[in-house]
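Just below is one structure, and these are the notes that go with it.
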Amino acid sequence: MSANLPEFNLVKPSSIAEALAAFRDQPHAKFCAGGTDLIPNMRHGLFEVETLIDLGQIVGFDAVTINGADIELGAGISLSKLVGRADIRERFPAIVKACEKVAGLSHREAATLGGNLCLETRCLYYNQSEWWRKSNDYCLKYQGDICHVAPRGNRCRAAFCGDLAPAFMVHRAEVELVSLNGARRLPLADLYVEDGAAHLALQPGEILASVHLPAARARSTYGKICQRGAIDFPQAGVAVSCRKEAGVLQFELAFTGTNSKPILLEYREPLGPKTDADSYFEALEKQVQKSVSPQRTTTTAPHYRRLAVAALAVRLARGLV
Amino acid sequence: MTKPRHFHVAGTPVPLVDGLEKVTGRARYTADLTTDDALVGRILRAPRGHARIIRIDTSRAKALEGVRAVVTGADCAQSYGVIPIAMNEYPMARDVLRYRGEPLAAVAAIDAKTAQAALDLIELTLEDLPAVYTAKEARAPDAVQLHPDKQGNLEREVHHSFGDPEAGMAKADLVRDEVFSCAEVNHAQMEPHAALADYDPERGHLTFHSVSQVPFYVHLTLARCLGMEAAQIRVVQPFIGGGFGARTETLNFEIITALLARAAGGKVMMHLTREESFLTHRGRPQTDVALKIGMTDKGKITAVKCEVVMAGGAYAGYGLVTILYAGALLHGIYDIENVKYDGYRVYTNLPPCGAMRGHGTVDVRHAFECLLDRMAHELGLDPFAVRRANLLRAPTFTPNDLMVNSYGLGACLDKVETASNWYNRKGKLPPGRGLGMACSHYVSGAAKPVHWTGEPHAVVSMKLDFDASITVLTGAADIGQGSSTIVAVAAADILSVDMSRIRVIAGDSALTPKDNGSYSSRVTFMVGNAAIEAARALRQKLVLAAAKKLESLPEDIVCEGETFSVKGSAQSMLSFQEVALAALAEEGTITVKGTFTTPIKAQGGKHRGGAVGSTMGFSYGAQVVEVTVDIATGLIRIDKVWAALDCGFAINPLAVEGQIEGSVWMGMGQALSEETRFVNGLAVHANLLDYRVPTMVESPDIEVHIVETIDPLGPFGAKEAGEGALSGFPPALVNAVADAIGLEANFLPMTPDRVLEALIKQRRAAKRKVAS
């Protein structure tokens with residue numbers, strides 16, 4: 001029942017190329033950035049790791065590059081640095097709001113953008129000590145063969161709980177992944193897979209190097225359902241963006257904490273000057289309730305999380321009108 | 001620059017004497033003690049909720065290189081427990097294990113890795129037994145029995161009746177009854193558990209450092225479980241990072257650490273993880289309160305009937321005291337003649353419950369204050385008016401023979417009513433916002449300790465030596481509540497010396513006199529009185545020496561501000577040092593002591609269990625809470641709290657304020673978000689993410705009002721200040737929510753999911769009502 005950090009080798013590459021080479025030499029290694037989630041998970045024995053490749057020393061990994069109206073964020077940028085950027089705050093307010101709602105101040109100093117986007121999924125049957133999980137015959141996510149959340153199902157239901165992903169998704173962010181085979185770029189939503197035990201589309205040895213934000217064309221915001229104003233992961237979180245096109249408003253919403261991946265909802269119904277706002281938002285609320293499927297991955301009831309996040313989504317959307 | 005010197009410090013705000021070490025990080029807690037030469041202790045815990053232990057094979061663990069000792073339940077056949085008549089726990093389970101997480105075996109090894117590897121090599125052969133996790137399951141007719149001598153899994157049932165409850169109910173204009181369900185909570189003290197045991201095999205001596213609130217119990221229990229003479233044991237208490245009752249009982253890991261040290265013939269350091277600290281538990285049990293109150297249309301309570309069922313976990317612990325407290329403290333706050341109480345403490349296959357801040361009273365007070373509010377509403381009376389209609393008049397004895405010598409509840413009501421602008425704002429706030437209030441009380445020390453020895457309840461020693469410093473020796477454990485500061489203030493005030501002249505040495509059985517420990521808010525009252533008596537004895541010796549030197553009569557000597565003079569003559573003034581040396585010249589180093597013993601009349605009624613709840617004085621509190629409720633998400637925000645507490649006299653107003661804020665805050669945690677959760681007996685809450693202690697973000701503005709009634713027996717007139725304000729918060733919150741959104745909740749905590757569910761039910765019920 002030890003909470004001691006297991007022994008491991010630490011590699012500190014100073015470039016992405018070196019990091020990729022280090023992985024080639026140690027294919028069972030894990031990449032680590034701020035470590036605010038990884039290290040507690042290691043203490044809990046949630047995976048075996050012989051080697052950690054620390055991306056924190058990579059030169060330029062936290063760089064911000066402005067390409068005209070586009071912004072490219074290095075995956076190593078800390079959440080507190082993101083919060084401190086006036087351009088992000090002004091053009092992508094959901095992102096700053098989401099950053100500010102992560103854990104506490106000291107975590108945000110260390111935690112990185114890439115780390116948050118690649119955050120491990122969470123479940124009350126998984127985020128426990130070795131003694132606990134062994135006493136419960138382990139689970140599908142690690143060392144076991146049954147998902148205690150949905151025992152009849154055949155996949156892990158652990159929930160993705162990163163705050164940042166939905167905020168970037170409603171701004172149509174893309175991620176750049178690099179490996180020894182080269183680089184590829186995909187919409188952030190495509191980084192994720194609806195499987196709690198394998199929720200990232202990253203290939204072994206692939207690093208999330210940067211995030212591209214296209215010119216902001218929408219106003220946005222982010223909110224989360226949690227009982228406390230600090231520390232808590234979202235029981236459910238929602239980012240909302242609102243853009244005006246041809247005289248009508250269109251909403252895009254993205255959710256976290258409800259599924260094994262962040263869920264994007266591109267709401268096709270336009271809100272025009274003659275639309276009845278109350279019935280519009282009532283329909284939106286129903287649509288949100290249908291779009292998310294929280295499970296018994298936390299001590300807070302799934303039904304509540306569904307209702308509350310839908311109510312919050314509508315409140316945030318109304319605030320953007 | 002010289003610091004200003006304060007001589008009459010009682011009643012003035014004083015920073016805690018050990019505060020500097022704590023805020024600078026210099027304080028050394030048990031886990032900080034040097035352990036270069038210590039083995040690492042680790043505990044193997046039960047993987048099942050209820051099972052017969054067929055075999056524990058430790059041979060492979062013992063054979064592992066680097067392992068110095070392995071112990072199991074077979075190594076300690078001596079049961080223990082805080083209540084002498086209910087010792088049914090072993091440090092490690094023998095024959096049967098009764099909850100998931102119960103210690104089964106332990107190892108001491110050269111490092112943590114080896115210790116863990118050794119635990120993994122211990123082979124368990126268990127035969128599962130059916131398990132019961134709720135009081136209802138445990139009380140079912142065919143339920144498995146946890147303890148063969150406790151039929152129906154009842155640890156203790158209490159049936160008390162005072163006055164004529166039936167006649168009282170018959171006289172009432174309004175009778176209402178409700179059932180309230182309060183979740184189990186844990187202390188979640190900042191410092192995880194730890195112990196350091198050093199066994200000297202040549203001398204057969206044990207030196208033991210631990211996080212205990214009651215080092216004296218630890219001392220006795222170690223002697224009992226290790227079969228040692230108490231004289232061979234020294235218990236030392238380092239800095240303590242909070243207790244709140246979690247560490248009142250001697251805990252299994254403490255005995256295990258000592259057993260390992262003796263088996264290894266050396267030193268063993270045991271650090272428990274946060275999860276293990278939660279599993280060690282001793283928190284407030286899940287409690288159902290079925291309450292019935294009869295009231296006249298003027299708001300006077302005519303009778304009370306209360307049935308309490310507590311799911312207490314797998315072992316007795318403090319259980320029988322908790323269930324007795326729950327009934328006894330129905331009394332002592334209001335003037336109620338007719339009270340019937342039925343209490344049931346039930347065994348379940350969960351970690352054992354114990355004492356927690358506001359021991360026994362919190363959930364019952366919650367139910368009581370909620371129901372009072374609803375009845376007031378029904379009768380068209382103001383919540384304050386209903387409380388005022390039932391005030392006691394001190395001095396008095398309650399129907400169950402609790403002594404009430406001072407009573408400031410009325411003044412507390414006045415304070416918070418005015419401060420919150422209740423009259424102008426209650427019922428007039430915008431939708432979703434509300435005001436609620438409630439009252440509470442708590443004992444200033446149990447008048448009769450559970451280990452009854454006939455000794456004084458507290459002893460304090462003082463030493464004056466050649467350096468003219470005063471060393472105060474006390475066994476009282478400062479667990480953060482400021483008890484060492486109280487002792488220092490009492491000494492400085494009576495001797496009229498600067499605080500810098502006083503040094504407090506606390507909690508080392510080799511140096512300090514025995515103390516009954518830091519529980520039931522007894523320390524300020526009892527140890528404070530003992531310190532005053534010791535200081536007076538020392539002062540008398542100094543006055544005699546000054547009189548001799550000044551060639552005057554002792555009764556003419558004025559001792560003031562570190563000087564001694566003859567009344568009316570300032571010319572012949574002697575300094576404190578001069579008088580101290582003159583006194584030392586008579587007899588050498590001076591040692592004096594003071595004691596405190598509770599008067600017999602304070603020790604409760606003659607009925608069975610009548611000692612529980614008895615005290616020298618009760619603190620009284622009234623609280624107003626203002627909330628905003630978000631009906632879309634069920635989230636409750638606490639906007640402001642006004643809390644008044646009658647603590648008799650605030651010896652250190654700074655500490656009193658801190659204690660009241662802390663009590664309110666802890667009550668807020670229980671009311672809003674804190675609860676233990678188990679899945680098939682496995683604790684899923686055992687970390688600080690899932691056990692939701694409020695953060696600074698949720699902490700509201702708490703406006704504290706201190707009421708002073710000068711208790712005739714209290715030190716300087718003081719009573720307790722560390723617990724009384726807690727139990728007022730949850731009902732004030734629930735009453736405020738009712739005011740804000742019309743939801744009458746009968747559950748704790750008021751988590752957003754429960755609130756939303758209750759709102760949905762309420763809306764459905766309203767629709768049905770309209771439809772029919």
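Convention: chains lettered A, B, ... in structure tokens order; per-chain residue numbering from 1; ligands numbered from 1 as shown.
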Residues of chain B no more than 7 Å from chain A, counting only C-alpha atoms: send them over as a PyMOL selection string.
chain B and resi 47-48+116+273+632-633+684+689+694-695+697-698+753
Among range 666-696 of chain B, which ones does DSSP assign to strand (DSSP E or B) (computed from the backbone)? Answer as a ChimeraX atom specification.
/B:678-679,682-683
Residues of range 381-443 of chain B within 9 Å of range 644-663 of chain B: nearest atom pair and distance (Å, one decimal) for each, counting only C-alpha atoms, sorted by chain and number, as JSON lines?
```
{"residue": "B:Ser406", "atom": "CA", "partner": "B:Gly648", "partner_atom": "CA", "distance": 7.5}
{"residue": "B:Tyr407", "atom": "CA", "partner": "B:Asp646", "partner_atom": "CA", "distance": 7.6}
{"residue": "B:Gly408", "atom": "CA", "partner": "B:Asp646", "partner_atom": "CA", "distance": 5.4}
{"residue": "B:Leu409", "atom": "CA", "partner": "B:Asp646", "partner_atom": "CA", "distance": 6.9}
{"residue": "B:Ala411", "atom": "CA", "partner": "B:Asp646", "partner_atom": "CA", "distance": 8.1}
{"residue": "B:Cys412", "atom": "CA", "partner": "B:Ala644", "partner_atom": "CA", "distance": 5.1}
{"residue": "B:Leu413", "atom": "CA", "partner": "B:Ala644", "partner_atom": "CA", "distance": 7.6}
{"residue": "B:Lys415", "atom": "CA", "partner": "B:Ala644", "partner_atom": "CA", "distance": 6.6}
{"residue": "B:Val416", "atom": "CA", "partner": "B:Ala644", "partner_atom": "CA", "distance": 6.3}
{"residue": "B:His441", "atom": "CA", "partner": "B:Leu645", "partner_atom": "CA", "distance": 8.8}
```
Tell me which protein, DNA and RNA residues are within 8 Å of range 226-240 of chain B, counting only C-alpha atoms, leaving out same-chain ones fewer than 3 positions away, and put them as a PyMOL selection string.
chain B and resi 27-30+76+191+204-212+215-216+218-220+222-223+243+258-259+477-480+506-510
So that I can check the secondary structure, give me every residue of range 154-222 of chain A assigned alpha helix (DSSP H) by backbone DSSP, as a ChimeraX atom specification.
/A:164-169
Writing out the chosen residues with N, CA and C atoms as a PDB file, in the first residue's frame:
```
ATOM      1  N   LEU A 164      -9.262  21.430 -20.961  1.00  0.00           N
ATOM      2  CA  LEU A 164      -8.881  22.272 -22.096  1.00  0.00           C
ATOM      3  C   LEU A 164      -9.425  21.798 -23.439  1.00  0.00           C
ATOM      4  N   ALA A 165      -9.537  20.476 -23.590  1.00  0.00           N
ATOM      5  CA  ALA A 165      -9.906  19.944 -24.911  1.00  0.00           C
ATOM      6  C   ALA A 165     -11.190  20.569 -25.459  1.00  0.00           C
ATOM      7  N   PRO A 166     -12.281  20.609 -24.686  1.00  0.00           N
ATOM      8  CA  PRO A 166     -13.502  21.188 -25.271  1.00  0.00           C
ATOM      9  C   PRO A 166     -13.317  22.647 -25.674  1.00  0.00           C
ATOM     10  N   ALA A 167     -12.546  23.395 -24.896  1.00  0.00           N
ATOM     11  CA  ALA A 167     -12.345  24.812 -25.220  1.00  0.00           C
ATOM     12  C   ALA A 167     -11.605  24.964 -26.543  1.00  0.00           C
ATOM     13  N   PHE A 168     -10.638  24.102 -26.777  1.00  0.00           N
ATOM     14  CA  PHE A 168      -9.919  24.157 -28.060  1.00  0.00           C
ATOM     15  C   PHE A 168     -10.786  23.629 -29.198  1.00  0.00           C
ATOM     16  N   MET A 169     -11.616  22.636 -28.892  1.00  0.00           N
ATOM     17  CA  MET A 169     -12.445  22.034 -29.944  1.00  0.00           C
ATOM     18  C   MET A 169     -13.436  23.041 -30.520  1.00  0.00           C
TER      19      MET A 169
END
```
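Non-sequential neighbours of Tyr133 in chain B (distance at most 7 Å, separation of 3 or more positions within a chain, only C-alpha atoms) are B:Glu137, B:Thr348, B:Asn349, B:Leu350, B:Gly681.
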Convert the current residue selection to file output with N, CA and C atoms, as a PDB file, in the first residue's frame.
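Contents of part.pdb, freshly written:
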```pdb
ATOM      1  N   GLU B 137     -29.243  -3.386   6.897  1.00  0.00           N
ATOM      2  CA  GLU B 137     -28.817  -4.761   6.611  1.00  0.00           C
ATOM      3  C   GLU B 137     -28.382  -5.473   7.890  1.00  0.00           C
ATOM      4  N   THR B 348     -21.393  -2.708  11.574  1.00  0.00           N
ATOM      5  CA  THR B 348     -21.416  -2.973  10.131  1.00  0.00           C
ATOM      6  C   THR B 348     -20.003  -3.342   9.684  1.00  0.00           C
ATOM      7  N   ASN B 349     -19.877  -3.913   8.494  1.00  0.00           N
ATOM      8  CA  ASN B 349     -18.552  -4.318   8.005  1.00  0.00           C
ATOM      9  C   ASN B 349     -17.840  -3.156   7.312  1.00  0.00           C
ATOM     10  N   LEU B 350     -17.668  -2.100   8.050  1.00  0.00           N
ATOM     11  CA  LEU B 350     -16.981  -0.911   7.539  1.00  0.00           C
ATOM     12  C   LEU B 350     -15.980  -0.435   8.580  1.00  0.00           C
ATOM     13  N   GLY B 681     -18.114  -2.202   0.478  1.00  0.00           N
ATOM     14  CA  GLY B 681     -17.226  -2.087   1.629  1.00  0.00           C
ATOM     15  C   GLY B 681     -15.872  -1.494   1.322  1.00  0.00           C
TER      16      GLY B 681
END
```
Tell me, as a PyMOL selection string, which residues lie within 6 Å of Gly34 in chain A, counting only C-alpha atoms; anything in the same chain fewer than 3 positions away does not count.
chain A and resi 110-112
Exercise: range 165-176 of chain B partners within 7 Å, only C-alpha atoms, chain neighbours under 2 positions left out, as number ranges by chain:
B: 163, 178, 292-297, 302-304, 338-340
Please produce an output containing C-alpha atoms for each residue in the selection, written as a PDB file, in the first residue's frame.
```pdb
ATOM      1  CA  GLY B 163     -40.552  13.780  32.473  1.00  0.00           C
ATOM      2  CA  GLU B 178     -39.512  13.768  10.415  1.00  0.00           C
ATOM      3  CA  LYS B 292     -40.902  14.136  16.926  1.00  0.00           C
ATOM      4  CA  ILE B 293     -41.505  17.483  18.603  1.00  0.00           C
ATOM      5  CA  GLY B 294     -44.604  18.774  20.344  1.00  0.00           C
ATOM      6  CA  MET B 295     -45.038  22.557  20.531  1.00  0.00           C
ATOM      7  CA  THR B 296     -47.587  25.069  21.770  1.00  0.00           C
ATOM      8  CA  ASP B 297     -48.831  27.699  19.363  1.00  0.00           C
ATOM      9  CA  THR B 302     -43.841  20.457  25.263  1.00  0.00           C
ATOM     10  CA  ALA B 303     -42.153  17.154  24.474  1.00  0.00           C
ATOM     11  CA  VAL B 304     -39.492  15.513  22.328  1.00  0.00           C
ATOM     12  CA  ASN B 338     -40.296  15.761  28.606  1.00  0.00           C
ATOM     13  CA  VAL B 339     -37.765  13.899  26.512  1.00  0.00           C
ATOM     14  CA  LYS B 340     -37.754  10.311  25.296  1.00  0.00           C
TER      15      LYS B 340
END
```
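You will find CA of Arg284 in chain B at 25.2 Å from CA of Val627 in chain B.
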May I ask for the distance between CA of Leu82 in chain A and CA of Glu100 in chain A, given in Å to one decimal place?
9.4 Å
Find the distance between CA of Leu435 in chain B and CA of Gly667 in chain B and write it in Å to one decimal.
16.6 Å
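Summary of the local environment: counting only C-alpha atoms, residues at most 6 Å from range 484-487 of chain B, other than itself and those fewer than 5 positions away along its chain, are Leu16, Val17, Asp478, Gly528 and Ala531 of chain B.
When only C-alpha atoms are used to measure the gap to Thr65 in chain A, the shortest distance among A:Asn116, A:Asn41, A:Ser210, A:Ser106 belongs to A:Ser210.
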